[in-house]
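Asks: Structure file run-v7.csv (CSV, C-alpha atoms) is given on the next line.
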chain,number,residue,atom,x,y,z
A,13,MET,CA,13.6,-33.8,4.4
A,14,ALA,CA,15.8,-34.2,7.4
A,15,ASN,CA,16.4,-37.6,9.0
A,16,ILE,CA,13.9,-38.2,11.8
A,17,ASN,CA,16.6,-38.2,14.4
A,18,LYS,CA,18.8,-35.6,12.8
A,19,THR,CA,17.9,-32.0,12.4
A,20,HIS,CA,18.8,-28.7,10.8
A,21,LYS,CA,18.1,-25.1,11.8
A,22,CYS,CA,18.3,-21.7,10.2
A,23,SER,CA,20.7,-19.5,12.0
A,24,GLY,CA,19.7,-16.3,10.3
A,25,ARG,CA,20.5,-14.3,7.2
A,26,SER,CA,24.0,-14.6,5.7
A,27,ASN,CA,26.3,-11.6,5.6
A,28,CYS,CA,28.3,-12.0,2.5
A,29,PHE,CA,30.2,-8.8,3.3
A,30,THR,CA,31.9,-10.2,6.4
A,31,CYS,CA,32.2,-13.8,5.2
A,32,SER,CA,35.8,-15.0,5.8
A,33,LEU,CA,35.5,-17.4,2.8
A,34,ARG,CA,34.3,-14.8,0.3
A,35,SER,CA,37.6,-14.9,-1.7
A,36,THR,CA,37.3,-18.7,-2.3
A,37,MET,CA,33.6,-19.2,-2.6
A,38,VAL,CA,31.6,-19.4,-5.8
A,39,CYS,CA,30.7,-15.6,-5.5
A,40,ALA,CA,34.4,-14.6,-5.2
A,41,ASP,CA,34.4,-12.5,-8.4
A,42,VAL,CA,31.1,-10.7,-7.5
A,43,SER,CA,31.6,-7.0,-6.6
A,44,LEU,CA,30.6,-5.7,-3.2
A,45,GLU,CA,28.0,-3.5,-5.0
A,46,ASP,CA,26.4,-6.5,-6.7
A,47,LEU,CA,26.5,-8.4,-3.4
A,48,GLN,CA,24.0,-5.9,-1.9
A,49,ALA,CA,21.3,-7.5,-4.0
A,50,PHE,CA,22.7,-11.0,-4.1
A,51,HIS,CA,23.0,-11.8,-0.4
A,52,ILE,CA,19.5,-10.6,0.7
A,53,PRO,CA,17.6,-13.9,0.3
A,54,ILE,CA,20.5,-16.1,1.5
A,55,ASN,CA,20.2,-17.9,4.9
A,56,ASP,CA,22.7,-19.7,7.0
A,57,PHE,CA,21.8,-23.3,8.1
A,58,VAL,CA,23.4,-25.7,10.5
A,59,PHE,CA,22.8,-29.4,9.8
A,60,ASP,CA,23.5,-32.1,12.4
A,61,ALA,CA,25.7,-35.0,11.4
A,62,GLY,CA,23.5,-37.5,9.7
A,63,ALA,CA,20.8,-34.9,8.6
A,64,THR,CA,19.6,-35.0,5.0
A,65,ILE,CA,20.0,-31.8,3.1
A,66,TYR,CA,17.9,-33.0,0.2
A,67,ASN,CA,17.0,-36.3,-1.4
A,68,MET,CA,17.6,-37.5,-4.9
A,69,ASN,CA,14.8,-36.5,-7.3
A,70,ASP,CA,13.7,-33.7,-4.9
A,71,PRO,CA,12.8,-30.5,-6.7
A,72,ALA,CA,16.0,-28.4,-7.2
A,73,ASN,CA,15.0,-25.4,-5.1
A,74,ALA,CA,18.4,-24.3,-3.9
A,75,VAL,CA,22.2,-24.7,-3.9
A,76,TYR,CA,24.3,-24.6,-0.7
A,77,CYS,CA,27.8,-23.3,-0.1
A,78,VAL,CA,29.8,-25.2,2.5
A,79,ARG,CA,31.3,-23.0,5.2
A,80,HIS,CA,32.2,-25.8,7.7
A,81,GLY,CA,32.0,-29.6,7.8
A,82,ALA,CA,31.7,-32.4,5.2
A,83,ILE,CA,28.8,-33.6,3.0
A,84,LYS,CA,28.4,-36.9,1.2
A,85,LEU,CA,26.6,-37.2,-2.1
A,86,MET,CA,24.8,-40.5,-2.6
A,87,ARG,CA,23.0,-42.4,-5.4
A,88,TYR,CA,20.9,-45.6,-5.2
A,89,ASP,CA,21.0,-48.5,-7.6
A,90,ALA,CA,17.9,-50.4,-8.9
A,91,SER,CA,18.0,-52.6,-5.8
A,92,GLY,CA,18.0,-49.6,-3.5
A,93,ASN,CA,21.6,-50.0,-2.4
A,94,GLN,CA,23.3,-46.8,-1.4
A,95,ARG,CA,26.6,-45.7,-3.0
A,96,ILE,CA,28.6,-42.7,-1.9
A,97,VAL,CA,29.8,-41.0,-5.1
A,98,ARG,CA,31.6,-37.9,-3.8
A,99,LEU,CA,32.5,-35.8,-0.7
A,100,LEU,CA,32.2,-32.1,-0.4
A,101,LYS,CA,34.0,-29.8,2.1
A,102,LYS,CA,34.5,-26.2,2.9
A,103,ASN,CA,34.3,-23.9,-0.2
A,104,ASP,CA,32.4,-26.5,-2.3
A,105,VAL,CA,28.9,-26.0,-3.7
A,106,VAL,CA,26.2,-28.7,-2.9
A,107,GLY,CA,23.6,-29.1,-5.6
A,108,LEU,CA,25.8,-27.7,-8.4
A,109,GLU,CA,24.8,-30.5,-10.7
A,110,SER,CA,21.1,-29.4,-10.5
A,111,VAL,CA,21.5,-25.7,-11.2
A,112,PHE,CA,19.9,-26.1,-14.7
A,113,SER,CA,17.7,-29.2,-14.1
A,114,GLY,CA,14.4,-29.6,-12.4
A,115,GLU,CA,15.4,-32.1,-9.7
A,116,GLN,CA,18.4,-33.0,-7.5
A,117,GLN,CA,20.8,-35.6,-9.0
A,118,HIS,CA,21.9,-37.0,-5.6
A,119,THR,CA,20.9,-37.4,-2.0
A,120,ALA,CA,23.1,-35.0,0.1
A,121,MET,CA,23.7,-35.8,3.8
A,122,ALA,CA,25.9,-34.1,6.4
A,123,LEU,CA,28.8,-36.4,7.5
A,124,THR,CA,29.7,-34.0,10.3
A,125,GLU,CA,28.0,-30.9,11.7
A,126,ALA,CA,27.8,-28.7,8.6
A,127,HIS,CA,27.3,-25.0,8.2
A,128,LEU,CA,25.8,-24.1,4.9
A,129,CYS,CA,24.6,-20.9,3.1
A,130,ARG,CA,21.4,-21.7,1.2
A,131,ILE,CA,20.9,-19.8,-2.1
A,132,PRO,CA,17.4,-20.1,-3.7
A,133,ILE,CA,17.9,-21.6,-7.1
A,134,ALA,CA,15.8,-19.0,-9.0
A,135,HIS,CA,17.9,-16.3,-7.5
A,136,PHE,CA,21.1,-18.1,-8.3
A,137,ARG,CA,20.1,-18.6,-11.9
A,138,ASP,CA,19.1,-15.0,-12.4
A,139,PHE,CA,22.5,-13.9,-10.9
A,140,ILE,CA,24.4,-16.2,-13.2
A,141,ASN,CA,22.6,-14.8,-16.3
A,142,ASN,CA,23.6,-11.2,-15.3
A,143,HIS,CA,27.2,-11.7,-14.1
A,144,PRO,CA,29.8,-13.1,-16.5
A,145,GLY,CA,32.3,-13.3,-13.7
A,146,LEU,CA,30.0,-15.8,-11.9
A,147,GLN,CA,29.5,-17.8,-15.1
A,148,LEU,CA,33.3,-18.3,-15.3
A,149,ARG,CA,33.5,-19.2,-11.6
A,150,LEU,CA,30.7,-21.7,-12.0
A,151,PHE,CA,32.5,-23.3,-14.9
A,152,GLU,CA,35.6,-23.6,-12.8
A,153,LYS,CA,33.6,-25.2,-10.0
A,154,SER,CA,32.1,-27.6,-12.5
A,155,GLN,CA,35.6,-28.6,-13.8
A,156,GLU,CA,36.7,-29.2,-10.2
A,157,ALA,CA,33.7,-31.5,-9.6
A,158,LEU,CA,34.4,-33.4,-12.8
A,159,ARG,CA,38.1,-33.8,-11.8
A,160,ASP,CA,37.0,-34.9,-8.3
A,161,ALA,CA,34.7,-37.5,-9.8
A,162,ASP,CA,37.6,-38.9,-12.0
A,163,ASN,CA,39.9,-39.0,-9.0
A,164,TRP,CA,37.2,-40.7,-6.9
A,165,LEU,CA,36.9,-43.6,-9.4
A,166,SER,CA,40.7,-44.0,-10.0
A,167,GLU,CA,42.0,-43.3,-6.5
A,168,LEU,CA,39.3,-44.7,-4.1
A,169,VAL,CA,37.0,-47.2,-5.8
A,170,SER,CA,39.4,-49.3,-7.8
A,171,ASN,CA,39.7,-52.8,-6.4
A,172,THR,CA,43.2,-53.1,-7.9
A,173,VAL,CA,44.5,-50.8,-5.3
A,174,PRO,CA,45.0,-52.2,-1.7
A,175,ALA,CA,42.4,-51.1,0.8
A,176,LYS,CA,45.0,-49.6,3.1
A,177,VAL,CA,46.2,-47.3,0.3
A,178,ARG,CA,42.7,-46.3,-0.7
A,179,LEU,CA,41.9,-45.5,3.0
A,180,ALA,CA,44.9,-43.3,3.3
A,181,ARG,CA,43.9,-41.4,0.1
A,182,LEU,CA,40.4,-40.9,1.5
A,183,LEU,CA,41.7,-39.7,4.8
A,184,LEU,CA,43.9,-37.1,2.9
A,185,GLN,CA,40.8,-36.0,1.0
A,186,LEU,CA,39.1,-35.5,4.4
A,187,GLN,CA,41.9,-33.2,5.7
A,188,ILE,CA,40.6,-30.0,7.2
A,189,GLY,CA,42.3,-27.2,5.3
A,190,ASP,CA,46.1,-27.3,5.8
A,191,SER,CA,45.9,-28.5,9.4
A,192,ASP,CA,46.8,-31.9,10.8
A,193,ARG,CA,43.1,-32.6,11.4
A,194,VAL,CA,41.0,-35.1,9.4
A,195,HIS,CA,37.3,-35.5,9.5
A,196,ARG,CA,36.4,-38.7,11.3
A,197,LEU,CA,33.6,-40.7,9.6
A,198,GLY,CA,31.7,-43.7,10.8
A,199,LEU,CA,32.9,-47.2,9.9
A,200,THR,CA,29.9,-47.6,7.6
A,201,ASP,CA,30.6,-44.4,5.7
A,202,PHE,CA,34.3,-45.3,5.3
A,203,GLY,CA,33.2,-48.8,4.0
A,204,GLY,CA,30.5,-47.4,1.7
A,205,ILE,CA,33.0,-45.1,0.0
A,206,LEU,CA,35.8,-47.6,-0.4
A,207,GLY,CA,33.6,-50.7,-1.1
A,208,ILE,CA,34.9,-52.7,1.9
A,209,THR,CA,33.3,-54.0,5.0
A,210,PRO,CA,33.1,-52.0,8.3
A,211,GLU,CA,35.2,-54.8,9.9
A,212,THR,CA,38.0,-54.2,7.4
A,213,VAL,CA,37.8,-50.5,8.0
A,214,SER,CA,38.0,-51.0,11.8
A,215,ARG,CA,41.1,-53.2,11.4
A,216,LEU,CA,42.9,-50.7,9.1
A,217,LEU,CA,42.1,-47.8,11.3
A,218,THR,CA,43.3,-49.7,14.4
A,219,GLU,CA,46.6,-50.4,12.6
A,220,LEU,CA,47.0,-46.7,11.8
A,221,GLY,CA,46.2,-45.8,15.4
A,222,ASP,CA,48.7,-48.3,16.8
A,223,LYS,CA,51.4,-46.6,14.6
A,224,GLU,CA,50.1,-43.2,15.8
A,225,VAL,CA,49.4,-42.1,12.3
A,226,LEU,CA,45.9,-41.3,13.5
A,227,ILE,CA,44.8,-40.2,17.0
A,228,LYS,CA,41.1,-39.7,17.8
A,229,THR,CA,40.2,-36.3,19.1
A,230,GLY,CA,37.0,-35.0,20.6
A,231,ARG,CA,34.4,-32.7,19.2
A,232,GLY,CA,35.6,-29.3,18.0
A,233,PRO,CA,34.4,-26.6,15.5
A,234,ASN,CA,34.7,-29.1,12.7
A,235,GLY,CA,33.1,-32.0,14.6
A,236,ARG,CA,34.8,-35.4,15.4
A,237,ASN,CA,38.2,-35.7,13.8
A,238,TYR,CA,41.6,-37.4,13.8
A,239,GLN,CA,44.9,-35.7,14.5
A,240,ALA,CA,46.9,-37.2,11.6
A,241,ASP,CA,50.5,-37.7,10.7
A,242,ILE,CA,50.0,-36.2,7.2
A,243,PRO,CA,53.4,-37.1,5.8
A,244,ALA,CA,52.9,-40.7,6.9
A,245,LEU,CA,49.5,-40.9,5.4
A,246,THR,CA,50.9,-39.4,2.2
A,247,ALA,CA,53.6,-42.1,2.1
A,248,ILE,CA,51.0,-44.8,2.4
A,249,ALA,CA,48.7,-43.2,-0.2
A,250,ARG,CA,51.6,-43.3,-2.7
A,251,GLU,CA,52.4,-47.0,-2.3
A,252,GLY,CA,50.1,-47.9,-5.1
A,253,THR,CA,51.7,-45.2,-7.3
A,254,ARG,CA,55.2,-46.5,-6.6
A,255,ALA,CA,54.1,-50.1,-7.4
A,256,ARG,CA,52.7,-49.0,-10.8
A,257,GLU,CA,55.9,-47.0,-11.6
A,258,ALA,CA,58.0,-50.0,-10.7
A,259,GLY,CA,55.9,-52.2,-13.0
A,260,LYS,CA,56.4,-49.8,-15.9
A,261,SER,CA,60.2,-50.1,-15.5
A,262,TYR,CA,60.3,-53.7,-16.6
Render the structure in this file as structure tokens.
Replies:
Amino acid sequence: MANINKTHKCSGRSNCFTCSLRSTMVCADVSLEDLQAFHIPINDFVFDAGATIYNMNDPANAVYCVRHGAIKLMRYDASGNQRIVRLLKKNDVVGLESVFSGEQQHTAMALTEAHLCRIPIAHFRDFINNHPGLQLRLFEKSQEALRDADNWLSELVSNTVPAKVRLARLLLQLQIGDSDRVHRLGLTDFGGILGITPETVSRLLTELGDKEVLIKTGRGPNGRNYQADIPALTAIAREGTRAREAGKSY
């Protein structure tokens, strides 16, 4: 159910034949002939930043392919505290973990305005059963998700890595394609991902802004973002790696 102040809307039926992302989406290996049946029940949705796509433990009724924007996946501990466990961007599949279970494993929320293709879960399962190429593609996507989860723990959550380094790594993960643009999140979201206070995030972002590593830009087709000095961010992100390598040399 969508956040009370944040909405989503259906913008019509998807047209898989003209989709510019078809070669990189989960259905990349599906033939055009098979797509005639596959794309019929698929709708396009636009979610406002902050809108909930689904909640943890909701019935798993659909999966969503991300065409634009960024999505955060969240879980809640026994005390009700929120923890962001992964980010999804263009070409990723939201709800992949729930394809063969009865309920959603996370709460999914739009970090930016997000354009998604909604595929009914029953239709998706039937198509998987009948198309070996899609089975392989789904396995590859699952492997990507597992690798991303491992990287999330080792690169972003570890308290042994300085917060500045982890922030730089997160910003690189938020890079929009191969451009110099990076999705700009709220201070609370940055802090929730990295396990630091919004005040610390604000200080670190100000430092990067003062050095012109990050420049705030207005709203565009991908929502609020930064214009980033990608090489400079990459150098900061590697500081922890260099430190570990130096330690191994002794």
Asks: At most 12 Å is the cut-off: for each residue in segment 60-179 of chain A with any atom that close to an atom of segment 216-230 of chain A, write down the nearest atom pair and the distance in Å rounded to one decimal, counting only C-alpha atoms, chain first then increasing number, as JSON lines.
Replies:
{"residue": "A:Pro174", "atom": "CA", "partner": "A:Leu216", "partner_atom": "CA", "distance": 11.1}
{"residue": "A:Ala175", "atom": "CA", "partner": "A:Leu216", "partner_atom": "CA", "distance": 8.3}
{"residue": "A:Lys176", "atom": "CA", "partner": "A:Leu216", "partner_atom": "CA", "distance": 6.5}
{"residue": "A:Val177", "atom": "CA", "partner": "A:Leu216", "partner_atom": "CA", "distance": 10.0}
{"residue": "A:Arg178", "atom": "CA", "partner": "A:Leu216", "partner_atom": "CA", "distance": 10.7}
{"residue": "A:Leu179", "atom": "CA", "partner": "A:Leu216", "partner_atom": "CA", "distance": 8.1}
Asks: Residues at most 7 Å from Ile131 of chain A, counting all atoms listed in the file, excluding those fewer than 6 positions away in the same chain, as a VMD selection string?
Replies: chain A and resid 54 74 to 76
Asks: Which is closest to Val97 of chain A among A:Asn142, A:Ser110, A:Thr119, A:Gln239, if we use all atoms listed in the file?
Replies: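 Smallest separation from Val97 of chain A among the options: A:Thr119.
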Asks: Pick out the closest residue to Glu125 of chain A from this set: A:Leu168, A:Ala249, A:Leu183, A:Ile83. Count all atoms listed in the file.
Replies: A:Ile83
Asks: Between A:Glu251, A:Glu115, A:Glu156, A:Asp138, which has the minimum distance to Leu100 of chain A (counting all atoms listed in the file)?
Replies: A:Glu156
Asks: Asp70 of chain A: which residues within 10 Å, counting only C-alpha atoms, same-chain residues fewer than 4 positions away excluded, as a list of chain:residue names?
Replies: A:Met13, A:Tyr66, A:Gly114, A:Glu115, A:Gln116, A:Gln117, A:His118, A:Thr119
Asks: Enter the distance from atom CA of Arg98 of chain A to atom CA of Val169 of chain A, in Å, rounded to one decimal.
Replies: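 Atom CA of Arg98 of chain A sits 10.9 Å away from atom CA of Val169 of chain A.
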Asks: In the coordinate frame of the file, compute which residues have an atom within 12 Å of (39.1, -36.3, 1.4) when using all atoms listed in the file, and state them as a ChimeraX atom specification.
Replies: /A:81-84,98-102,123,160,163-164,167-168,178-189,193-197,202,205-206,249
Asks: In terms of the shortest atom-to-atom distance over all atoms listed in the file, which of A:Arg87, A:Ser191, A:Arg130, A:Asp201 is closest to Pro243 of chain A?
Replies: A:Ser191
